[in-house]
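Working notes, beginning with the structure itself.
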Amino acid sequence: MAQSTTLDEPIGGLMEGVTDSLNSDLVQSRATGEPEWLRNRRLDAWASYERTPMPTTRLEEWRYTDLSRKLSLDALTPMEWSERAFDRESAPARMAEAMEADHESSGHVVEIDGTVAHVDLDADLAAKGVVLTSLRSAVEDHPELLEEYLATRALPADRGKFQALNAALWTDGIFLHVPRGVRLEHPVRVTRWLSEEGKALFSRTLIVAAEASQVSYVDEILSDDMEVQSLVSSAVEVFAGNGAQVQYVSLQRLGHGPFHLSQQRTIAGKDATLDTLNVNMGATTARLDLNAQLLGSGANSDMLGLCFGEGDQHFDHNTSQDHVAPHAYSDLLYKGALDGRARSVFRGIIKVHKGAQQTDAYQTNRNLLLSEEARADSLPNLEIEADDVRCSHGATVGQLDQDHLFYLMSRGLSRTEAERLVVIGFLGEVLSKLPLGGVVEKISRAVEAKLNV
Amino acid sequence: MPQNDTIQDLGLDEYQYHFITEDEPVFRSGRGLNEKVVREISAQKDEPEWMLEFRLKALEIYNAKPMPTWGGDLSNLENVLDEIYFYVRPQEKMERSWDDVPPNIKETFERLGIPEAEQKVLAGVGAQYESEMVYHSLKKEWDEKGVIFDSIEDGLKNHPELFREHFGTVIPSADNKFSAMNSAVWSGGSFVYIPKGVELDTPLQAYFRVNQEQMGQFERTLIIADEGSKAHYIEGCTAPVYSTESFHSGVIEIVVKPGAHFRYTTIQNWSNNMYNLVTQRALVHENATMEWLDGNLGSKLTMKYPSCYLMGEGAHGSILSIAYSGDGQHQDTGGKVIHAAPNTTSQIVSKSISKGTGRSTYRGLCQVHEGAINSKSNVECDALLINDTSRTDTYPYIEIEEKKSNIGHEATVSKVGDEQLFYLMSRGMDEAEAMALIVRGFIEPIAKLLPLEYAVELNRLIELEMEGSVG
Amino acid sequence: MSDTPILSIRDVHAKVADEDTEILHGVDLELGKGEIHAIMGPNGSGKSTLAKILAGHPGYEVTAGSITYKGEDILEAEPDERSKAGIFLAFQYPVEIPGVSIANFLRTALQSREEEGGELDLFDFQDELLARMELLGMDASFAERPVNDGFSGGEKKRNEILQMAMLRPELALMDETDSGLDIDALQVVADGVNKLHQENPDMTVLIITHYQRLLNYLKPHFVHVMVKGKLVRSGGPEVAEELEARGYEEFKTVEA
């Protein structure tokens, strides 16, 4: 066996994913004019990106998603930040329709092609100290909070190749801060729109909910169908302070074409509730990395997920229920319905660390295959290092229940109609657990639209 | 025989499982694995040329394959492998009658609790002592039925065509690093053939053990259950404890032909310094049934995933396993079922117990290929944790390409409840007895499928292990 | 009835092991050999706690006072030692032990009562088990079912009585044995206890119950009323009738 002659890491295979457009010059240009802490953070992240090998299917976490076939980094050019105005009247139809369906809200953000174009926030909430702003402005106005929370405790660059890439290259994003004890009655609604093909877009979301505060946040991303692939990289960091109640909802409704990469980490403090819902309807390839850390004792996380795939869509969900503290609770339910040649992957892990006694952790993944070519892979894993725990997991893959169909058809429904009802019922279980205004209707309609294709 | 026995009554104490008898191997290879060793093994066994070539090719594959980086901790294995002897043969000749078995080896068997009288019960005893079969007996009527239960070496010599037709077809050398190793240096094991339509009521049993310090054991078993036949094969092993690490890597190939029914039972209780890396696989044809019953109690690290490849329509596979991990032990076990034909069904039930710093891992694969319509699979994993230093993991891979299938997986993790313990203690049992009773109840669904003597032995082992779990 | 009490409880204070709140605030009670006593009280009065500390439940802690059984202090004794000494607790919520048959369970329990090295005779055991089940009107197949696993409420309670019949205690504590039972099941259970008491009139029984109805079938010699962790009234069977007529409210105010 060949011996390395130096103590350094071997060089071979590194600098992977550095392209003509995505390179250190780009990082330098993004960092220009930024405060020193941020500039250093970007440069460190880039260094981390360069030395981390590109994930391959040999890596357990990427076993079922072959990036060398699914993502053409070489062909992408970076999406640049540019001053934009948002005008509701001239918004693309899909975007306008989505915003139309949003009911009451505490505030809105519109992000177009990686640039925040519009922010509004209820005046009373602003008076109470709630901050809802673009990440770029937050760098100017709230440097101390950003320095503490941005790409540090939740998604630091060293968590992985793409975490590093986003931390080095983000152009803009959203910052929400809810001060201690402030409760938002209605959700904050974010609409993000992608219009350009062949781009690599990097956006971040940072939510800091202080002690005993309460907030729901709906993060919707849309686009039209595209011929040429774009990469949308979203990094989402959510902090719930002690006793805070936070809901984060991601609605991914991109058109056909893009590769969506959503990396999320939620950190729940003592007695905090931090629930998430991830809906994947669109994009050609969508990868979700979600790590929910139960950091404080008595923390709670409900983790819900739903996907509906058709055509050649490929969804890959990689979740982690990370129980660090004792007496915490997490319950995950991910469901997928797959038509056409669509494929869904669920790889979830419940990790109970030493000392996390009295953990209650549950994990369920259910898949419905609607066509001959659809495929579902499920890996519900457990790693338990404490003995006084209640953990269980389950996974099923199956087809539509023939008895259900028969029952409905014997009452006069057509097969298609019966199938539609059963699928909506199947996915509806997830939505019923997080009944946020606007979300349920929106998703139900989107599922129906897909079923009618 | 009463099922409720105390440890003393049955004479099962730790000492008995650590004994070593003195014997003189006839041939002993040098340490480490290289071409010279492989050629020597083949020459010693007077093998045909094709087998030597098979071994040498496997050695190449072994050298080319990297050590697995998943599963258990194999970081010290290279050192272990450098130190072990890859071949030891204690005697020149196979024995046919009990009277001919040398006294020191007999003594070993007796201490393991296989008295002569049991020959009447046992269908045939193929006992592997060190690397080779030294004792073999087979009931007369089975000879008449055409059942073959031989050492693997004799299988090769006496049934060359049947042997060559199937050998290495279920588990190719290149399947994994350790199947390659075994293919290069295999020695000992059984060759079994059950002719068409023959049903055996009493199980075939092979008792074997490792007895030579730093000696690797590479048993190779090939079983062919011909159409419509039915049989049960039992393998059980104990090994004495040594101070240096030891190594066992077997390959078990089973072909279950259409309509046949075969059950393979293993109770593994290697001493706690053993690396036990075994590949077990069955090809299950049309309307045939294969059942693996797997008990892993001993070893330092076991990596073993009995597999059923359901190749023919209507085939059924079942994998039932019990794992016990005590201090310093890691049982990385589970099973694989591949549904490659329509109307195939499978079931995996895994029960693990982790005590002290023990770690039990379930690692399983359930794959349904496109076209394997109406496949059904059900997987259940239950883990019991005894102490707060114990660990359990579950890694089930579920890969489904066929919509007309029905696949489910469920797992639970629990600890022995305080309320359960109090209930039993309020009926007069002490804590260890109460714990043992709960653990026995936990594995009961699988233990009840074992032949009585194995179930009794399993219960005794659990009682022993629970003694130290409390206080 | 004898002069030396079989059980003597003196000024017992107790609390949940991990908490500070005291549940029993000084309980005094003496049970003579062969007597049947009932402790009645509303929910949360502490009567089940008393039953549990008598059996040595690790979840409770006796902070003051003494409990002597047959003249010996048993506070430090483990639950299994108390059981072997003849104390039996019929649980309010019997625990499920999956995979362990009732027969196997009882055999293990009886084996643990044997002297060191002694071996329970399995044939005798089998005969005894069948006889006891017959006495209690139970089907023989019952013994092969896993302990309480998938049992109805009535089956669980009957299983407790079967265990009591097999273990032949000198002091039987019946913790809310009537809870969750319909009147038929209640009668069957009470019948069983009566038979066992007739068979062994020296057996002392302490019934813990919320309702008077069990006492229609199981006639106590003495009735005590527990309210807020103290015995506030003791007397003959008439106390139960008084309670039935007037409820616990009156005792609560008396106590206050």
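To be explicit about the labels: the chains of the structure tokens are called A, B, and onward in the order shown, and within each one the residues are counted from 1, while ligands get numbers from 1 in the order they are shown.
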For a quick test of understanding: name the residues of chain B lying within 7 Å of chain C when counting only C-alpha atoms, and present them as a VMD selection string.
chain B and resid 420 422 to 423 425 to 430 438 441 to 442 444 to 445
Please build the interface table for chain A against chain B with a cut-off of 7 Å, listing for each qualifying residue the nearest atom pair and the distance in Å to one decimal; count only C-alpha atoms, order rows by chain and increasing number, and write it as a tab-separated table.
```
residue	atom	partner	partner_atom	distance
A:Leu369	CA	B:Lys403	CA	5.0
A:Leu370	CA	B:Lys403	CA	6.6
A:Ser371	CA	B:Lys403	CA	6.3
A:Glu372	CA	B:Lys403	CA	5.7
A:Glu373	CA	B:Glu401	CA	6.9
A:Ala374	CA	B:Glu401	CA	6.5
A:Arg375	CA	B:Glu401	CA	4.6
A:Ala376	CA	B:Ile400	CA	5.3
A:Asp377	CA	B:Glu399	CA	4.3
A:Ser378	CA	B:Ile398	CA	4.8
A:Leu379	CA	B:Tyr397	CA	4.8
A:Pro380	CA	B:Pro396	CA	6.4
A:Asn381	CA	B:Tyr395	CA	4.7
A:Leu382	CA	B:Thr394	CA	4.7
A:Glu383	CA	B:Asp393	CA	4.2
A:Ile384	CA	B:Thr392	CA	5.1
A:Glu385	CA	B:Arg391	CA	4.5
A:Ala386	CA	B:Asp388	CA	5.1
A:Asp387	CA	B:Asp388	CA	4.6
A:Asp388	CA	B:Lys415	CA	6.1
A:Val389	CA	B:Ser414	CA	6.5
A:Arg390	CA	B:Ser414	CA	6.0
A:Cys391	CA	B:Val413	CA	5.3
A:Ser392	CA	B:Thr412	CA	4.2
A:His393	CA	B:Ala411	CA	5.3
A:Gly394	CA	B:Glu410	CA	4.2
A:Ala395	CA	B:His409	CA	5.0
A:Thr396	CA	B:Gly408	CA	4.3
A:Val397	CA	B:Ile407	CA	5.1
A:Gly398	CA	B:Asn406	CA	4.6
A:Gln399	CA	B:Lys403	CA	5.5
```
Limited to N, CA and C atoms, could you put the picked residues into a file as a PDB file, in the first residue's frame?
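What landed in selection_34.pdb:
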```pdb
ATOM      1  N   LEU A 369     -47.396   3.809  -4.135  1.00  0.00           N
ATOM      2  CA  LEU A 369     -46.939   3.747  -5.528  1.00  0.00           C
ATOM      3  C   LEU A 369     -48.165   3.682  -6.430  1.00  0.00           C
ATOM      4  N   LEU A 370     -48.256   4.660  -7.337  1.00  0.00           N
ATOM      5  CA  LEU A 370     -49.447   4.740  -8.182  1.00  0.00           C
ATOM      6  C   LEU A 370     -49.217   4.198  -9.586  1.00  0.00           C
ATOM      7  N   SER A 371     -47.979   3.915  -9.937  1.00  0.00           N
ATOM      8  CA  SER A 371     -47.726   3.430 -11.293  1.00  0.00           C
ATOM      9  C   SER A 371     -46.716   2.307 -11.265  1.00  0.00           C
ATOM     10  N   GLU A 372     -46.590   1.643 -12.402  1.00  0.00           N
ATOM     11  CA  GLU A 372     -45.662   0.511 -12.508  1.00  0.00           C
ATOM     12  C   GLU A 372     -44.219   0.954 -12.339  1.00  0.00           C
ATOM     13  N   GLU A 373     -43.897   2.153 -12.853  1.00  0.00           N
ATOM     14  CA  GLU A 373     -42.486   2.557 -12.862  1.00  0.00           C
ATOM     15  C   GLU A 373     -42.048   3.348 -11.643  1.00  0.00           C
ATOM     16  N   ALA A 374     -42.999   3.716 -10.811  1.00  0.00           N
ATOM     17  CA  ALA A 374     -42.626   4.508  -9.632  1.00  0.00           C
ATOM     18  C   ALA A 374     -41.806   3.652  -8.681  1.00  0.00           C
ATOM     19  N   ARG A 375     -41.041   4.312  -7.855  1.00  0.00           N
ATOM     20  CA  ARG A 375     -40.166   3.568  -6.946  1.00  0.00           C
ATOM     21  C   ARG A 375     -40.033   4.317  -5.621  1.00  0.00           C
ATOM     22  N   ALA A 376     -39.973   3.592  -4.545  1.00  0.00           N
ATOM     23  CA  ALA A 376     -39.783   4.217  -3.231  1.00  0.00           C
ATOM     24  C   ALA A 376     -38.737   3.454  -2.449  1.00  0.00           C
ATOM     25  N   ASP A 377     -37.822   4.177  -1.868  1.00  0.00           N
ATOM     26  CA  ASP A 377     -36.830   3.568  -0.998  1.00  0.00           C
ATOM     27  C   ASP A 377     -36.970   4.194   0.375  1.00  0.00           C
ATOM     28  N   SER A 378     -36.882   3.378   1.377  1.00  0.00           N
ATOM     29  CA  SER A 378     -37.101   3.890   2.719  1.00  0.00           C
ATOM     30  C   SER A 378     -36.083   3.300   3.677  1.00  0.00           C
ATOM     31  N   LEU A 379     -35.447   4.153   4.428  1.00  0.00           N
ATOM     32  CA  LEU A 379     -34.474   3.698   5.422  1.00  0.00           C
ATOM     33  C   LEU A 379     -34.729   4.405   6.748  1.00  0.00           C
ATOM     34  N   PRO A 380     -35.641   3.891   7.519  1.00  0.00           N
ATOM     35  CA  PRO A 380     -35.923   4.530   8.802  1.00  0.00           C
ATOM     36  C   PRO A 380     -34.967   3.996   9.863  1.00  0.00           C
ATOM     37  N   ASN A 381     -33.947   4.729  10.182  1.00  0.00           N
ATOM     38  CA  ASN A 381     -32.902   4.212  11.075  1.00  0.00           C
ATOM     39  C   ASN A 381     -33.070   4.660  12.523  1.00  0.00           C
ATOM     40  N   LEU A 382     -32.517   3.865  13.405  1.00  0.00           N
ATOM     41  CA  LEU A 382     -32.497   4.220  14.829  1.00  0.00           C
ATOM     42  C   LEU A 382     -31.080   4.044  15.356  1.00  0.00           C
ATOM     43  N   GLU A 383     -30.636   5.000  16.157  1.00  0.00           N
ATOM     44  CA  GLU A 383     -29.390   4.800  16.905  1.00  0.00           C
ATOM     45  C   GLU A 383     -29.659   5.243  18.328  1.00  0.00           C
ATOM     46  N   ILE A 384     -29.657   4.320  19.241  1.00  0.00           N
ATOM     47  CA  ILE A 384     -30.131   4.605  20.587  1.00  0.00           C
ATOM     48  C   ILE A 384     -29.019   4.323  21.590  1.00  0.00           C
ATOM     49  N   GLU A 385     -28.622   5.339  22.319  1.00  0.00           N
ATOM     50  CA  GLU A 385     -27.570   5.157  23.308  1.00  0.00           C
ATOM     51  C   GLU A 385     -28.025   5.474  24.724  1.00  0.00           C
ATOM     52  N   ALA A 386     -29.335   5.517  24.934  1.00  0.00           N
ATOM     53  CA  ALA A 386     -29.857   5.704  26.287  1.00  0.00           C
ATOM     54  C   ALA A 386     -30.881   4.604  26.482  1.00  0.00           C
ATOM     55  N   ASP A 387     -31.063   4.126  27.708  1.00  0.00           N
ATOM     56  CA  ASP A 387     -31.929   2.961  27.843  1.00  0.00           C
ATOM     57  C   ASP A 387     -33.371   3.289  28.198  1.00  0.00           C
ATOM     58  N   ASP A 388     -33.575   4.472  28.789  1.00  0.00           N
ATOM     59  CA  ASP A 388     -34.931   4.767  29.222  1.00  0.00           C
ATOM     60  C   ASP A 388     -35.629   5.629  28.172  1.00  0.00           C
ATOM     61  N   VAL A 389     -35.965   4.996  27.068  1.00  0.00           N
ATOM     62  CA  VAL A 389     -36.519   5.762  25.959  1.00  0.00           C
ATOM     63  C   VAL A 389     -37.723   5.026  25.399  1.00  0.00           C
ATOM     64  N   ARG A 390     -38.549   5.773  24.704  1.00  0.00           N
ATOM     65  CA  ARG A 390     -39.587   5.117  23.926  1.00  0.00           C
ATOM     66  C   ARG A 390     -39.385   5.522  22.482  1.00  0.00           C
ATOM     67  N   CYS A 391     -38.977   4.603  21.658  1.00  0.00           N
ATOM     68  CA  CYS A 391     -38.722   4.916  20.261  1.00  0.00           C
ATOM     69  C   CYS A 391     -39.376   3.854  19.407  1.00  0.00           C
ATOM     70  N   SER A 392     -39.930   4.275  18.316  1.00  0.00           N
ATOM     71  CA  SER A 392     -40.386   3.272  17.378  1.00  0.00           C
ATOM     72  C   SER A 392     -40.337   3.895  16.007  1.00  0.00           C
ATOM     73  N   HIS A 393     -40.242   3.063  15.016  1.00  0.00           N
ATOM     74  CA  HIS A 393     -40.340   3.586  13.675  1.00  0.00           C
ATOM     75  C   HIS A 393     -41.042   2.575  12.795  1.00  0.00           C
ATOM     76  N   GLY A 394     -41.561   3.074  11.726  1.00  0.00           N
ATOM     77  CA  GLY A 394     -42.233   2.174  10.814  1.00  0.00           C
ATOM     78  C   GLY A 394     -42.149   2.731   9.422  1.00  0.00           C
ATOM     79  N   ALA A 395     -42.183   1.835   8.461  1.00  0.00           N
ATOM     80  CA  ALA A 395     -42.192   2.276   7.076  1.00  0.00           C
ATOM     81  C   ALA A 395     -43.058   1.310   6.296  1.00  0.00           C
ATOM     82  N   THR A 396     -43.805   1.830   5.370  1.00  0.00           N
ATOM     83  CA  THR A 396     -44.548   0.938   4.493  1.00  0.00           C
ATOM     84  C   THR A 396     -44.474   1.460   3.072  1.00  0.00           C
ATOM     85  N   VAL A 397     -44.540   0.532   2.153  1.00  0.00           N
ATOM     86  CA  VAL A 397     -44.683   0.888   0.751  1.00  0.00           C
ATOM     87  C   VAL A 397     -45.794   0.001   0.222  1.00  0.00           C
ATOM     88  N   GLY A 398     -46.720   0.600  -0.465  1.00  0.00           N
ATOM     89  CA  GLY A 398     -47.793  -0.228  -0.990  1.00  0.00           C
ATOM     90  C   GLY A 398     -48.526   0.500  -2.092  1.00  0.00           C
ATOM     91  N   GLN A 399     -49.528  -0.160  -2.622  1.00  0.00           N
ATOM     92  CA  GLN A 399     -50.329   0.484  -3.653  1.00  0.00           C
ATOM     93  C   GLN A 399     -51.657   0.905  -3.033  1.00  0.00           C
TER      94      GLN A 399
END
```
Find the residues near C:Val225: any atom within 12 Å, counting only C-alpha atoms, skip ones fewer than 2 places away on the same chain, and give them as a PyMOL selection string.
chain C and resi 27-29+37-42+45-47+207-212+222-223+227-244+247-252+254-255
Could you dump the residues just selected with N, CA and C atoms as a compact mmCIF listing (two decimals), in the first residue's frame?
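After the write, out20.txt holds the following:
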```txt
# COMPACT_ATOMS: atom_id res chain seq x y z
N VAL C 27 -49.99 7.12 59.41
CA VAL C 27 -51.05 6.11 59.41
C VAL C 27 -50.74 5.07 60.50
N ASP C 28 -51.77 4.75 61.30
CA ASP C 28 -51.64 3.70 62.30
C ASP C 28 -52.68 2.63 62.00
N LEU C 29 -52.23 1.35 62.00
CA LEU C 29 -53.18 0.27 61.71
C LEU C 29 -52.60 -1.04 62.20
N HIS C 37 -59.88 -6.80 56.75
CA HIS C 37 -60.02 -5.36 56.93
C HIS C 37 -60.29 -4.71 55.58
N ALA C 38 -60.98 -3.61 55.60
CA ALA C 38 -61.15 -2.84 54.39
C ALA C 38 -60.74 -1.40 54.67
N ILE C 39 -59.99 -0.82 53.75
CA ILE C 39 -59.72 0.62 53.83
C ILE C 39 -60.46 1.26 52.67
N MET C 40 -61.32 2.19 53.00
CA MET C 40 -62.07 2.88 51.96
C MET C 40 -61.63 4.33 51.93
N GLY C 41 -61.74 4.91 50.76
CA GLY C 41 -61.36 6.31 50.68
C GLY C 41 -61.57 6.83 49.29
N PRO C 42 -61.69 8.14 49.15
CA PRO C 42 -61.87 8.72 47.83
C PRO C 42 -60.57 8.64 47.02
N SER C 45 -56.68 9.63 48.10
CA SER C 45 -56.58 9.70 49.56
C SER C 45 -55.30 9.07 50.08
N GLY C 46 -54.64 8.24 49.24
CA GLY C 46 -53.40 7.62 49.67
C GLY C 46 -53.54 6.14 49.98
N LYS C 47 -54.75 5.58 49.76
CA LYS C 47 -54.95 4.18 50.15
C LYS C 47 -54.14 3.21 49.29
N ILE C 207 -58.43 -5.17 52.22
CA ILE C 207 -59.07 -4.78 50.97
C ILE C 207 -59.00 -3.26 50.85
N ILE C 208 -58.56 -2.80 49.71
CA ILE C 208 -58.51 -1.36 49.48
C ILE C 208 -59.48 -1.03 48.38
N THR C 209 -60.43 -0.17 48.67
CA THR C 209 -61.45 0.08 47.67
C THR C 209 -62.07 1.46 47.81
N HIS C 210 -62.57 1.93 46.70
CA HIS C 210 -63.25 3.21 46.67
C HIS C 210 -64.74 3.01 46.98
N TYR C 211 -65.25 1.89 46.48
CA TYR C 211 -66.70 1.67 46.55
C TYR C 211 -67.06 0.61 47.57
N GLN C 212 -68.28 0.71 47.99
CA GLN C 212 -68.77 -0.23 48.97
C GLN C 212 -69.15 -1.56 48.34
N PHE C 222 -63.47 -5.40 59.85
CA PHE C 222 -63.20 -4.00 60.22
C PHE C 222 -63.16 -3.12 58.98
N VAL C 223 -63.65 -1.91 59.13
CA VAL C 223 -63.61 -0.96 58.01
C VAL C 223 -62.97 0.33 58.49
N VAL C 227 -58.75 9.51 54.45
CA VAL C 227 -58.96 10.77 53.74
C VAL C 227 -57.68 11.57 53.86
N LYS C 228 -57.21 12.07 52.75
CA LYS C 228 -56.01 12.92 52.71
C LYS C 228 -54.84 12.34 53.51
N GLY C 229 -54.58 11.05 53.29
CA GLY C 229 -53.37 10.46 53.85
C GLY C 229 -53.46 10.08 55.31
N LYS C 230 -54.68 10.07 55.86
CA LYS C 230 -54.82 9.65 57.26
C LYS C 230 -56.05 8.78 57.41
N LEU C 231 -56.01 7.86 58.36
CA LEU C 231 -57.22 7.09 58.68
C LEU C 231 -58.06 7.95 59.61
N VAL C 232 -59.27 8.31 59.17
CA VAL C 232 -60.07 9.25 59.96
C VAL C 232 -61.19 8.55 60.72
N ARG C 233 -61.39 7.28 60.42
CA ARG C 233 -62.49 6.60 61.10
C ARG C 233 -62.23 5.10 61.02
N SER C 234 -62.42 4.38 62.11
CA SER C 234 -62.30 2.93 62.09
C SER C 234 -63.48 2.35 62.85
N GLY C 235 -63.95 1.19 62.39
CA GLY C 235 -65.07 0.56 63.07
C GLY C 235 -65.41 -0.76 62.44
N GLY C 236 -66.61 -1.22 62.68
CA GLY C 236 -67.06 -2.49 62.11
C GLY C 236 -67.68 -2.27 60.74
N PRO C 237 -68.35 -3.32 60.20
CA PRO C 237 -68.95 -3.23 58.86
C PRO C 237 -69.91 -2.06 58.72
N GLU C 238 -70.44 -1.59 59.80
CA GLU C 238 -71.42 -0.51 59.73
C GLU C 238 -70.82 0.77 59.14
N VAL C 239 -69.50 0.93 59.29
CA VAL C 239 -68.87 2.14 58.75
C VAL C 239 -69.05 2.21 57.24
N ALA C 240 -68.96 1.04 56.60
CA ALA C 240 -69.12 1.00 55.14
C ALA C 240 -70.53 1.43 54.75
N GLU C 241 -71.49 0.95 55.50
CA GLU C 241 -72.88 1.31 55.19
C GLU C 241 -73.11 2.81 55.38
N GLU C 242 -72.52 3.30 56.44
CA GLU C 242 -72.61 4.73 56.73
C GLU C 242 -72.06 5.54 55.54
N LEU C 243 -70.91 5.05 55.05
CA LEU C 243 -70.27 5.73 53.92
C LEU C 243 -71.16 5.70 52.70
N GLU C 244 -71.70 4.54 52.45
CA GLU C 244 -72.55 4.34 51.29
C GLU C 244 -73.71 5.34 51.33
N GLY C 247 -71.65 9.29 51.84
CA GLY C 247 -70.53 9.73 51.00
C GLY C 247 -69.33 10.17 51.81
N TYR C 248 -68.28 10.53 51.09
CA TYR C 248 -67.01 10.88 51.75
C TYR C 248 -67.00 12.31 52.26
N GLU C 249 -67.88 13.14 51.73
CA GLU C 249 -67.83 14.57 52.03
C GLU C 249 -67.76 14.83 53.52
N GLU C 250 -68.62 14.12 54.23
CA GLU C 250 -68.73 14.33 55.67
C GLU C 250 -67.39 14.07 56.38
N PHE C 251 -66.72 12.97 55.93
CA PHE C 251 -65.45 12.62 56.55
C PHE C 251 -64.38 13.66 56.26
N LYS C 252 -64.49 14.24 55.07
CA LYS C 252 -63.51 15.25 54.70
C LYS C 252 -63.59 16.42 55.67
N VAL C 254 -64.91 16.32 58.68
CA VAL C 254 -64.52 15.84 60.01
C VAL C 254 -63.02 15.94 60.19
N GLU C 255 -62.36 15.47 59.10
CA GLU C 255 -60.89 15.43 59.16
C GLU C 255 -60.32 16.85 59.26
```
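For stretch 72-189 of chain C, backbone-based DSSP assignment of strand (DSSP E or B) covers Glu72, Asp73, Ile87, Phe88, Leu89, Ala90, Ser101, Pro146, Leu171, Ala172, Leu173, Met174 and Asp175 of chain C.
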Show me, as a list in words, the residues that have an atom within 7 Å of stretch 464-466 of chain B when counting only C-alpha atoms, minus same-chain residues fewer than 4 positions from it.
Ala432, Met435, Ala436 and Arg460 of chain B
Go ahead and dump the residues you just picked, C-alpha atoms, as a PDB file, in the first residue's frame.
```pdb
ATOM      1  CA  ALA B 432     -31.998 -11.216  38.249  1.00  0.00           C
ATOM      2  CA  MET B 435     -35.004  -9.819  34.506  1.00  0.00           C
ATOM      3  CA  ALA B 436     -34.254 -13.224  33.000  1.00  0.00           C
ATOM      4  CA  ARG B 460     -29.688 -21.064  30.573  1.00  0.00           C
TER       5      ARG B 460
END
```
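Secondary structure by DSSP on the backbone puts the following residues of stretch 115-167 of chain A in helix (DSSP H, G or I): Ala123, Asp124, Leu125, Ala126, Ala127, Leu135, Arg136, Ser137, Ala138, Val139, Glu140, Asp141, Pro143, Glu144, Leu145, Leu146, Glu147, Glu148, Tyr149, Ala157, Asp158, Arg159, Lys161, Phe162, Gln163, Ala164, Leu165, Asn166 and Ala167 of chain A.
A straight line drawn from atom CA of A:Pro92 to atom CA of A:Leu277 is 25.7 Å long.
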Name the residues in contact with stretch 331-335 of chain A at a cut-off of 9 Å, using only C-alpha atoms, excluding same-chain residues fewer than 5 positions from it; report them as a ChimeraX atom specification.
/A:278,300-308,321,346,360-368,426-427,429-430
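The space separating atom CA of C:Val189 from atom CA of C:Ser8 comes to 26.9 Å.
Computed from the coordinates, the atom CA of C:Glu160 to atom CA of C:Lys52 distance equals 15.2 Å.
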